[in-house]
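Enquirer: target-v1.txt is reproduced in full below (compact mmCIF, C-alpha atoms).
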```txt
# COMPACT_ATOMS: atom_id res chain seq x y z
CA MET Y 1 97.78 -5.20 22.49
CA ILE Y 2 99.90 -3.36 19.96
CA ASP Y 3 102.70 -4.41 17.62
CA LEU Y 4 105.69 -2.08 17.34
CA PHE Y 5 107.40 -1.16 14.09
CA ALA Y 6 109.87 1.67 14.50
CA ILE Y 7 111.04 4.70 16.43
CA THR Y 8 111.12 8.03 14.62
CA ASP Y 9 111.40 11.72 15.36
CA ASP Y 10 108.39 13.61 16.56
CA PRO Y 11 107.04 15.54 14.77
CA ALA Y 12 107.32 13.51 11.57
CA PRO Y 13 105.59 13.31 8.17
CA PRO Y 14 102.09 11.82 8.15
CA LEU Y 15 102.05 8.05 8.62
CA PRO Y 16 101.74 5.88 5.50
CA THR Y 17 98.37 4.23 5.00
CA VAL Y 18 99.77 0.78 4.21
CA ALA Y 19 98.61 -0.39 7.66
CA PRO Y 20 96.45 0.99 10.52
CA LEU Y 21 99.37 2.83 12.13
CA SER Y 22 99.48 5.25 14.98
CA ALA Y 23 102.37 7.14 16.50
CA VAL Y 24 102.85 7.44 20.26
CA ALA Y 25 104.94 10.50 21.04
CA SER Y 26 107.17 11.23 23.99
CA HIS Y 27 110.25 13.41 24.50
CA GLY Y 28 110.65 14.31 20.84
CA LEU Y 29 110.44 10.70 19.67
CA ALA Y 30 107.56 8.66 18.30
CA LEU Y 31 106.88 4.93 18.49
CA VAL Y 32 105.00 3.71 15.44
CA CYS Y 33 102.60 0.88 16.20
CA ALA Y 34 99.46 -0.89 15.04
CA PRO Y 35 96.81 -3.05 16.72
CA ALA Y 36 98.33 -6.48 17.35
CA ALA Y 37 97.85 -8.87 14.45
CA HIS Y 38 97.22 -12.29 15.97
CA VAL Y 39 98.48 -14.29 13.04
CA GLU Y 40 100.84 -17.20 12.79
CA VAL Y 41 104.29 -16.04 11.73
CA SER Y 42 105.11 -16.85 8.12
CA PRO Y 43 107.36 -15.36 5.44
CA GLU Y 44 104.39 -13.35 4.14
CA VAL Y 45 103.77 -11.90 7.60
CA LEU Y 46 107.44 -10.99 7.91
CA TRP Y 47 107.51 -9.30 4.51
CA ARG Y 48 104.33 -7.35 5.30
CA HIS Y 49 105.91 -6.09 8.52
CA GLU Y 50 109.03 -5.14 6.59
CA GLU Y 51 106.90 -3.30 4.01
CA VAL Y 52 105.52 -1.09 6.76
CA VAL Y 53 108.96 -0.23 8.11
CA GLU Y 54 110.27 0.47 4.61
CA ALA Y 55 107.25 2.66 3.78
CA LEU Y 56 108.15 4.71 6.85
CA MET Y 57 111.80 4.74 5.84
CA GLU Y 58 110.97 6.33 2.51
CA ASP Y 59 110.46 9.75 3.97
CA ARG Y 60 111.97 9.69 7.44
CA ASP Y 61 114.86 8.36 9.51
CA LEU Y 62 114.02 5.58 11.92
CA LEU Y 63 115.19 2.88 14.29
CA PRO Y 64 113.48 -0.40 13.40
CA VAL Y 65 112.11 -2.32 16.37
CA ARG Y 66 112.77 -6.05 16.61
CA PHE Y 67 110.00 -8.08 15.01
CA GLY Y 68 107.49 -9.55 17.41
CA THR Y 69 107.68 -6.78 19.99
CA ARG Y 70 104.27 -6.47 21.52
CA LEU Y 71 103.10 -4.16 24.27
CA ASP Y 72 99.84 -3.89 26.18
CA ASP Y 73 98.77 -0.51 24.83
CA GLU Y 74 99.85 2.99 23.85
CA THR Y 75 100.37 3.92 27.50
CA ALA Y 76 102.96 1.19 27.77
CA ALA Y 77 104.51 2.47 24.54
CA ALA Y 78 104.78 6.01 25.89
CA ARG Y 79 106.34 4.68 29.07
CA ALA Y 80 108.90 2.60 27.13
CA LEU Y 81 109.88 5.66 25.09
CA GLY Y 82 110.07 7.89 28.15
CA GLU Y 83 112.30 5.47 30.04
CA ARG Y 84 114.95 5.35 27.31
CA HIS Y 85 114.42 8.51 25.31
CA GLU Y 86 117.98 9.82 25.65
CA GLU Y 87 119.55 6.55 24.57
CA LEU Y 88 117.08 6.16 21.70
CA ALA Y 89 117.61 9.74 20.52
CA THR Y 90 121.36 9.09 20.36
CA ALA Y 91 120.76 5.85 18.48
CA LEU Y 92 118.50 7.62 15.99
CA ASP Y 93 121.10 10.32 15.37
CA ARG Y 94 123.63 7.60 14.67
CA VAL Y 95 121.63 6.28 11.72
CA ARG Y 96 120.25 9.57 10.46
CA GLY Y 97 120.33 9.80 6.68
CA ALA Y 98 121.64 6.27 6.25
CA VAL Y 99 120.39 2.81 5.31
CA GLU Y 100 121.73 -0.69 5.80
CA LEU Y 101 123.21 -2.80 3.04
CA SER Y 102 123.98 -6.50 3.43
CA VAL Y 103 126.91 -8.23 1.79
CA ARG Y 104 127.57 -11.96 1.82
CA VAL Y 105 130.52 -13.70 0.18
CA PHE Y 106 131.01 -17.32 -0.84
CA GLY Y 107 133.85 -19.00 -2.66
CA GLU Y 108 133.05 -20.25 -6.15
CA ARG Y 109 131.34 -23.59 -6.42
CA SER Y 110 133.87 -26.43 -6.61
CA GLY Y 111 133.92 -29.00 -9.42
CA GLU Y 112 131.95 -31.77 -7.73
CA ALA Y 113 128.60 -30.81 -6.25
CA ASP Y 114 129.77 -28.91 -3.14
CA ALA Y 115 132.21 -31.59 -2.08
CA ASP Y 116 133.76 -30.85 1.27
CA PRO Y 117 137.41 -31.71 1.69
CA PRO Y 118 137.71 -35.05 3.56
CA ASP Y 119 137.49 -34.66 7.34
CA PRO Y 120 140.93 -34.16 8.90
CA VAL Y 121 142.29 -37.27 10.58
CA THR Y 122 145.53 -36.20 12.18
CA GLY Y 123 146.01 -33.28 14.55
CA ALA Y 124 148.33 -31.64 12.04
CA GLU Y 125 145.71 -31.91 9.26
CA TYR Y 126 143.12 -30.35 11.55
CA LEU Y 127 145.36 -27.38 12.32
CA ARG Y 128 146.33 -27.00 8.65
CA ALA Y 129 142.67 -26.88 7.66
CA LYS Y 130 141.98 -24.29 10.35
CA ALA Y 131 144.96 -22.21 9.27
CA ALA Y 132 143.81 -22.32 5.65
CA ALA Y 133 140.30 -21.25 6.62
CA ALA Y 134 141.68 -18.41 8.73
CA ALA Y 135 143.91 -17.28 5.88
CA GLY Y 136 140.98 -17.42 3.47
CA GLU Y 137 138.93 -15.32 5.83
CA ARG Y 138 141.70 -12.75 6.27
CA SER Y 139 142.06 -12.55 2.52
CA VAL Y 140 138.36 -11.85 1.97
CA LEU Y 141 138.38 -9.28 4.75
CA ARG Y 142 141.20 -7.46 3.00
CA SER Y 143 139.88 -7.75 -0.52
CA VAL Y 144 136.17 -7.17 0.09
CA HIS Y 145 135.26 -6.06 3.59
CA GLU Y 146 137.85 -3.31 4.03
CA PRO Y 147 137.18 -1.52 0.73
CA LEU Y 148 133.44 -1.61 1.40
CA ALA Y 149 133.77 -0.55 5.02
CA SER Y 150 135.70 2.51 3.90
CA ARG Y 151 132.63 3.59 1.89
CA ALA Y 152 130.26 3.14 4.82
CA ARG Y 153 129.62 5.18 7.91
CA GLU Y 154 129.88 2.00 9.98
CA SER Y 155 130.19 -1.69 9.33
CA ARG Y 156 129.55 -4.84 11.29
CA ARG Y 157 130.48 -8.44 10.69
CA LEU Y 158 127.61 -10.77 11.47
CA ALA Y 159 127.59 -14.46 12.37
CA ALA Y 160 127.56 -16.57 9.21
CA ARG Y 161 124.55 -18.81 8.75
CA ASP Y 162 126.34 -21.20 6.45
CA ARG Y 163 129.74 -22.58 7.32
CA HIS Y 164 130.92 -22.08 3.74
CA GLU Y 165 130.24 -18.36 3.90
CA LEU Y 166 133.49 -16.38 3.81
CA LEU Y 167 132.00 -13.08 4.92
CA THR Y 168 128.67 -11.87 6.26
CA ALA Y 169 128.52 -8.17 6.91
CA ALA Y 170 126.20 -5.20 7.29
CA TYR Y 171 127.13 -1.68 6.23
CA LEU Y 172 125.54 1.59 7.35
CA VAL Y 173 125.67 3.69 4.19
CA ASP Y 174 124.57 7.27 3.60
CA ARG Y 175 121.49 7.25 1.38
CA SER Y 176 123.36 9.30 -1.20
CA ALA Y 177 126.26 6.86 -1.16
CA VAL Y 178 124.26 3.69 -1.88
CA GLU Y 179 124.78 3.75 -5.65
CA PRO Y 180 128.58 4.22 -5.46
CA PHE Y 181 128.66 1.47 -2.81
CA VAL Y 182 126.86 -0.96 -5.10
CA GLU Y 183 129.17 0.00 -7.98
CA GLN Y 184 132.08 -0.81 -5.69
CA VAL Y 185 130.56 -4.23 -4.95
CA SER Y 186 130.31 -4.83 -8.68
CA ARG Y 187 133.95 -3.81 -9.21
CA LEU Y 188 135.08 -6.06 -6.35
CA GLN Y 189 133.19 -8.95 -7.92
CA SER Y 190 135.01 -8.41 -11.23
CA ALA Y 191 138.34 -8.12 -9.42
CA ASN Y 192 137.72 -11.37 -7.52
CA PRO Y 193 136.41 -13.94 -10.01
CA ARG Y 194 136.88 -16.79 -7.52
CA LEU Y 195 134.46 -15.20 -5.07
CA ARG Y 196 130.70 -14.79 -5.21
CA LEU Y 197 129.40 -11.51 -3.82
CA LEU Y 198 125.78 -10.84 -2.94
CA CYS Y 199 124.54 -7.41 -1.95
CA THR Y 200 120.98 -6.74 -0.77
CA GLY Y 201 119.17 -3.69 0.52
CA PRO Y 202 118.49 -0.99 1.26
CA TRP Y 203 117.29 -2.24 4.61
CA PRO Y 204 116.25 -0.26 7.67
CA PRO Y 205 119.30 -0.06 9.99
CA TYR Y 206 118.52 -3.22 12.01
CA SER Y 207 122.14 -4.00 12.71
CA PHE Y 208 123.05 -0.51 13.90
CA THR Y 209 120.55 0.21 16.64
CA GLY Y 210 123.07 -0.38 19.40
CA GLU Y 211 121.32 -3.49 20.80
CA MET X 1 111.35 -9.06 -2.40
CA SER X 2 113.53 -9.54 -5.43
CA ASP X 3 113.87 -5.78 -5.64
CA LYS X 4 116.13 -6.01 -2.63
CA PHE X 5 118.92 -7.42 -4.80
CA LEU X 6 121.49 -4.75 -5.54
CA HIS X 7 124.18 -7.08 -6.83
CA THR X 8 123.73 -10.75 -7.58
CA PRO X 9 126.45 -13.15 -8.60
CA PRO X 10 126.07 -16.15 -10.88
CA ASP X 11 125.22 -19.20 -8.70
CA LEU X 12 122.75 -17.24 -6.57
CA ASP X 13 121.62 -20.57 -5.13
CA LEU X 14 124.94 -20.75 -3.22
CA PHE X 15 123.39 -18.14 -0.96
CA ALA X 16 120.10 -19.96 -0.40
CA GLY X 17 121.62 -22.84 1.54
CA GLU X 18 118.97 -24.78 3.37
CA PRO X 19 115.65 -22.98 3.35
CA PRO X 20 115.51 -21.32 6.77
CA ARG X 21 112.97 -23.04 9.01
CA LEU X 22 110.99 -20.27 10.60
CA ASP X 23 110.53 -22.01 13.94
CA ASP X 24 114.28 -22.64 14.08
CA ALA X 25 115.01 -18.98 13.42
CA LEU X 26 112.47 -17.85 15.97
CA SER X 27 113.74 -20.27 18.59
CA ARG X 28 117.20 -18.72 18.57
CA ARG X 29 116.73 -17.07 21.86
CA VAL X 30 118.16 -17.46 25.31
CA ASN X 31 115.40 -19.23 27.15
CA ALA X 32 114.78 -18.31 30.76
CA ASP X 33 111.44 -20.10 31.11
CA PRO X 34 111.93 -21.97 34.42
CA GLU X 35 111.36 -25.32 32.75
CA LYS X 36 113.94 -24.54 30.11
CA LEU X 37 116.28 -22.74 32.48
CA GLU X 38 118.84 -25.46 32.24
CA ARG X 39 119.02 -25.05 28.46
CA GLY X 40 119.42 -21.28 28.75
CA LEU X 41 122.20 -21.68 31.28
CA ALA X 42 123.89 -24.34 29.18
CA GLN X 43 123.75 -21.90 26.30
CA LEU X 44 125.53 -19.27 28.35
CA VAL X 45 128.15 -21.66 29.69
CA LEU X 46 128.84 -23.26 26.32
CA THR X 47 129.20 -19.81 24.76
CA VAL X 48 131.99 -19.03 27.19
CA VAL X 49 133.61 -22.41 26.56
CA GLU X 50 133.37 -21.81 22.81
CA LEU X 51 135.03 -18.42 23.25
CA LEU X 52 137.92 -20.01 25.12
CA ARG X 53 138.19 -22.77 22.53
CA GLN X 54 138.43 -20.26 19.71
CA LEU X 55 140.98 -18.15 21.56
CA MET X 56 143.12 -21.20 22.26
CA GLU X 57 142.95 -22.37 18.66
CA ARG X 58 143.91 -18.95 17.39
CA GLN X 59 146.83 -18.84 19.82
CA ALA X 60 148.00 -22.25 18.65
CA LEU X 61 147.86 -21.15 15.01
CA ARG X 62 149.95 -18.09 15.86
CA ARG X 63 152.53 -20.28 17.58
CA ILE X 64 152.64 -22.52 14.54
CA ASP X 65 153.11 -19.53 12.23
CA GLY X 66 155.89 -18.34 14.51
CA GLY X 67 157.50 -21.77 14.30
CA THR X 68 157.79 -22.14 18.06
CA LEU X 69 156.21 -25.59 18.27
CA SER X 70 157.73 -28.94 17.43
CA GLU X 71 155.97 -31.26 14.98
CA ASP X 72 155.09 -33.51 17.87
CA GLU X 73 153.57 -30.64 19.84
CA GLU X 74 151.64 -29.54 16.76
CA GLU X 75 150.21 -32.99 16.28
CA ARG X 76 149.14 -33.29 19.90
CA LEU X 77 147.63 -29.81 19.98
CA GLY X 78 145.75 -30.49 16.77
CA ARG X 79 144.35 -33.72 18.16
CA THR X 80 143.26 -32.00 21.36
CA PHE X 81 141.45 -29.28 19.45
CA MET X 82 139.86 -31.81 17.14
CA GLU X 83 138.48 -33.70 20.12
CA LEU X 84 137.39 -30.55 21.88
CA ASP X 85 135.56 -29.53 18.72
CA LYS X 86 133.82 -32.90 18.63
CA ARG X 87 132.95 -32.75 22.33
CA MET X 88 131.46 -29.25 21.89
CA GLU X 89 129.30 -30.60 19.09
CA GLU X 90 128.10 -33.41 21.35
CA LEU X 91 127.31 -31.00 24.17
CA ARG X 92 125.43 -28.72 21.82
CA THR X 93 123.37 -31.61 20.55
CA GLU X 94 122.70 -32.72 24.12
CA PHE X 95 121.19 -29.33 24.88
CA GLY X 96 119.53 -28.85 21.53
CA LEU X 97 121.70 -25.88 20.55
CA ASP X 98 123.04 -24.83 17.14
CA ALA X 99 126.45 -23.30 16.61
CA GLU X 100 124.66 -19.96 16.06
CA ASP X 101 123.04 -20.22 19.52
CA LEU X 102 126.44 -19.93 21.16
CA ASN X 103 126.79 -16.21 21.01
CA LEU X 104 126.22 -13.14 23.13
CA ASN X 105 125.14 -9.77 21.86
CA LEU X 106 127.27 -7.14 23.53
CA GLY X 107 125.28 -4.18 22.20
CA PRO X 108 127.55 -1.58 20.63
CA LEU X 109 130.45 -3.99 20.79
CA GLY X 110 128.66 -6.36 18.44
CA ASN X 111 128.56 -10.08 19.01
CA LEU X 112 131.01 -11.88 21.26
CA LEU X 113 131.78 -14.56 18.68
CA MET Z 1 115.44 -24.69 -7.99
CA SER Z 2 113.64 -22.11 -10.07
CA ASN Z 3 115.15 -18.67 -10.03
CA ALA Z 4 112.13 -17.05 -8.38
CA ILE Z 5 112.21 -19.55 -5.52
CA VAL Z 6 115.94 -19.09 -5.02
CA GLU Z 7 115.52 -15.33 -5.00
CA ARG Z 8 112.74 -15.54 -2.41
CA GLU Z 9 114.81 -17.79 -0.13
CA VAL Z 10 117.96 -15.72 -0.39
CA ALA Z 11 116.08 -12.50 0.33
CA LEU Z 12 114.26 -14.19 3.22
CA ILE Z 13 117.57 -15.15 4.83
CA ASP Z 14 118.74 -11.54 4.82
CA LEU Z 15 115.33 -10.43 6.10
CA LEU Z 16 115.25 -12.96 8.95
CA ASP Z 17 118.73 -12.04 10.13
CA ARG Z 18 117.53 -8.47 10.48
CA LEU Z 19 113.96 -8.73 11.71
CA LEU Z 20 114.75 -11.36 14.33
CA GLY Z 21 118.38 -10.63 15.14
CA GLY Z 22 118.48 -6.85 14.94
CA GLY Z 23 116.42 -3.81 15.74
CA VAL Z 24 115.66 -2.07 18.99
CA VAL Z 25 114.54 -4.34 21.82
CA ILE Z 26 111.77 -2.64 23.77
CA ALA Z 27 110.81 -3.57 27.32
CA GLY Z 28 113.02 -6.67 27.30
CA ASP Z 29 110.24 -9.17 26.72
CA ILE Z 30 109.08 -10.35 23.35
CA THR Z 31 106.56 -13.07 22.80
CA LEU Z 32 106.34 -14.64 19.39
CA ALA Z 33 103.81 -17.26 18.54
CA ALA Z 34 104.90 -19.56 15.75
CA ALA Z 35 102.82 -22.61 15.07
CA ASP Z 36 102.06 -24.03 18.54
CA VAL Z 37 105.24 -22.85 20.15
CA ASP Z 38 105.39 -19.82 22.44
CA LEU Z 39 108.93 -18.49 22.57
CA VAL Z 40 110.18 -16.05 25.13
CA TYR Z 41 113.13 -13.77 24.62
CA VAL Z 42 114.63 -12.45 27.80
CA SER Z 43 117.31 -9.84 28.08
CA LEU Z 44 120.69 -10.84 29.50
CA ARG Z 45 120.02 -8.84 32.62
CA ALA Z 46 116.98 -10.94 33.41
CA LEU Z 47 118.92 -14.14 32.69
CA ILE Z 48 121.68 -13.19 35.12
CA ALA Z 49 119.00 -12.53 37.73
CA SER Z 50 117.61 -16.01 37.12
CA VAL Z 51 121.11 -17.52 37.39
CA ALA Z 52 121.30 -16.12 40.92
CA THR Z 53 117.92 -17.67 41.69
CA ALA Z 54 118.91 -20.98 40.12
CA GLU Z 55 122.06 -21.13 42.21
CA GLU Z 56 120.01 -20.69 45.37
CA LYS Z 57 117.71 -23.48 44.31
CA GLY Z 58 120.50 -25.83 43.31
CA MET Z 59 119.25 -25.97 39.74
CA LEU Z 60 122.52 -25.44 37.89
CA PRO Z 61 123.39 -28.32 35.52
CA ARG Z 62 126.36 -30.48 36.55
CA MET Z 63 128.94 -29.65 33.91
CA GLY Z 64 132.03 -30.98 35.78
CA SER Z 65 132.05 -34.52 34.43
CA ALA Z 66 130.79 -33.46 30.98
CA LEU Z 67 133.86 -31.33 30.36
```
Please go through the file and, once you have read it, give me the structure as structure tokens.
Expert:
Amino acid sequence: MIDLFAITDDPAPPLPTVAPLSAVASHGLALVCAPAAHVEVSPEVLWRHEEVVEALMEDRDLLPVRFGTRLDDETAAARALGERHEELATALDRVRGAVELSVRVFGERSGEADADPPDPVTGAEYLRAKAAAAAGERSVLRSVHEPLASRARESRRLAARDRHELLTAAYLVDRSAVEPFVEQVSRLQSANPRLRLLCTGPWPPYSFTGE
Amino acid sequence: MSDKFLHTPPDLDLFAGEPPRLDDALSRRVNADPEKLERGLAQLVLTVVELLRQLMERQALRRIDGGTLSEDEEERLGRTFMELDKRMEELRTEFGLDAEDLNLNLGPLGNLL
Amino acid sequence: MSNAIVEREVALIDLLDRLLGGGVVIAGDITLAAADVDLVYVSLRALIASVATAEEKGMLPRMGSAL
């Protein structure tokens, strides 16, 4: 069995030695894989997988494959590539020369330790609370998401993990535009002292593979 | 790991929330194992219900903004949505689903909700 | 919480969202083993196929009274 990491062009630079990688080529694309590691999933295992994908990303464009994808062997890998090579080639072109940046936004911490407003009791209170939340969200979209999206090739709002999160988004940013993007995040933070902005990356373009 | 931080705010712990439980994160899948088929189908059905609920709420808020509802109508609508919200939570719990489970990935169109 | 722990958790959240929620899905079937639980991810196409099967077998949950 083999674990899959990413899809790249073929030919491509030599594979990094950070793991026992091989590249299965078909139709001008390559699927980078390694012998299946039968280990229990843990944060360390996830970070090691990510290290491999990022090592590849250093000197080539790629489409990251979802973690945990396992195939029987390289024949199966070649078949998978062959079956979808046109679609995958288009997807790879879409992310060429770009990386993913993540931005999450919270409101500032309130006075008491994260006190939630009391649960609404009347129908009118419920609707008022919903309207306020919607307005808050629209405001953050205008003040943070739109300016950042205009500096990215593409952007995508993602489902928030935490119900207090005002914005969770991914941005596909040209490699050369990462620094100005981060500077913009910093400026937006200064301009919005009642918000808390977090920006992480660069990540492989997980959110822009068209899945 | 920490070198992935490009911009951090004060109160970074706001963003940590509850430490993500790995088995929770990994279990966020539509399950079509025959024994768990019912759960996977419930997930699909509840996602559609959730979509409708959100659309209806948004419509109601627009009507309120537009001032086309009486106070009485507002109150009754609000109560209905409040109860629907509660009922959805109960149904989710019944099927062991989180709010995040009620979603569909529409490929290039992004997520449904 | 110590800063290092917070940093690790925050970064892990962003990582999890990507590794498990994004990326190309190959061949439609992914098996992940975590602790003792085998989890199966099935593409929507396969799920719709199983809905058709479930209907035939009368396996659909009764939602009428619940809603």
Enquirer: Suppose you want the space between CA of Ala131 (chain Y) and CA of Phe81 (chain X); what is it in Å?
Expert: 12.9 Å
Enquirer: Just to confirm, what's the straight-line distance from CA of Asp65 (chain X) to CA of Glu89 (chain X) in Å (one decimal)?
Expert: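 For CA of Asp65 (chain X) relative to CA of Glu89 (chain X), the distance reads 27.1 Å.
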Enquirer: Which residue, X:Ser70, X:Thr80, X:Thr8, X:Gln43, has the smallest gap to Arg196 (chain Y) when you use all atoms listed in the file?
Expert: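 The answer is X:Thr8, which sits nearest to Arg196 (chain Y).
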Enquirer: Hey, which bits of chain Y sit within 7 Å of chain Z, and for each residue what's the closest pair of atoms and how far apart in Å (one decimal), counting all atoms listed in the file, rows by chain and increasing number, as a Markdown table?
Expert:
```
| residue | atom | partner | partner_atom | distance |
| --- | --- | --- | --- | --- |
| Y:Glu40 | CA | Z:Ala34 | CA | 5.6 |
| Y:Val41 | CA | Z:Ala34 | CA | 5.4 |
| Y:Leu63 | CA | Z:Val24 | CA | 6.8 |
| Y:Pro64 | CA | Z:Gly23 | CA | 5.1 |
| Y:Val65 | CA | Z:Val24 | CA | 4.4 |
| Y:Arg66 | CA | Z:Gly23 | CA | 4.4 |
| Y:Phe67 | CA | Z:Leu19 | CA | 5.2 |
| Y:Gly68 | CA | Z:Leu32 | CA | 5.6 |
| Y:Thr69 | CA | Z:Ile30 | CA | 5.1 |
| Y:Arg70 | CA | Z:Ile30 | CA | 6.4 |
| Y:Ala80 | CA | Z:Ala27 | CA | 6.5 |
| Y:Tyr206 | CA | Z:Gly23 | CA | 4.3 |
| Y:Ser207 | CA | Z:Gly22 | CA | 5.1 |
| Y:Thr209 | CA | Z:Gly23 | CA | 5.8 |
| Y:Glu211 | CA | Z:Val24 | CA | 6.1 |
```
Enquirer: Deliver the residues from the most recent selection as a file, using C-alpha atoms, as an mmCIF file, keeping the file's coordinate frame.
Expert:
```cif
data_model
loop_
_atom_site.group_PDB
_atom_site.id
_atom_site.type_symbol
_atom_site.label_atom_id
_atom_site.label_comp_id
_atom_site.auth_asym_id
_atom_site.auth_seq_id
_atom_site.Cartn_x
_atom_site.Cartn_y
_atom_site.Cartn_z
ATOM 1 C CA GLU Y 40 100.840 -17.200 12.790
ATOM 2 C CA VAL Y 41 104.290 -16.040 11.730
ATOM 3 C CA LEU Y 63 115.190 2.880 14.290
ATOM 4 C CA PRO Y 64 113.480 -0.400 13.400
ATOM 5 C CA VAL Y 65 112.110 -2.320 16.370
ATOM 6 C CA ARG Y 66 112.770 -6.050 16.610
ATOM 7 C CA PHE Y 67 110.000 -8.080 15.010
ATOM 8 C CA GLY Y 68 107.490 -9.550 17.410
ATOM 9 C CA THR Y 69 107.680 -6.780 19.990
ATOM 10 C CA ARG Y 70 104.270 -6.470 21.520
ATOM 11 C CA ALA Y 80 108.900 2.600 27.130
ATOM 12 C CA TYR Y 206 118.520 -3.220 12.010
ATOM 13 C CA SER Y 207 122.140 -4.000 12.710
ATOM 14 C CA THR Y 209 120.550 0.210 16.640
ATOM 15 C CA GLU Y 211 121.320 -3.490 20.800
#
```
Enquirer: Quick one, how far is CA of Leu158 (chain Y) from CA of Met56 (chain X)?
Expert: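 These two atoms are separated by 21.6 Å.
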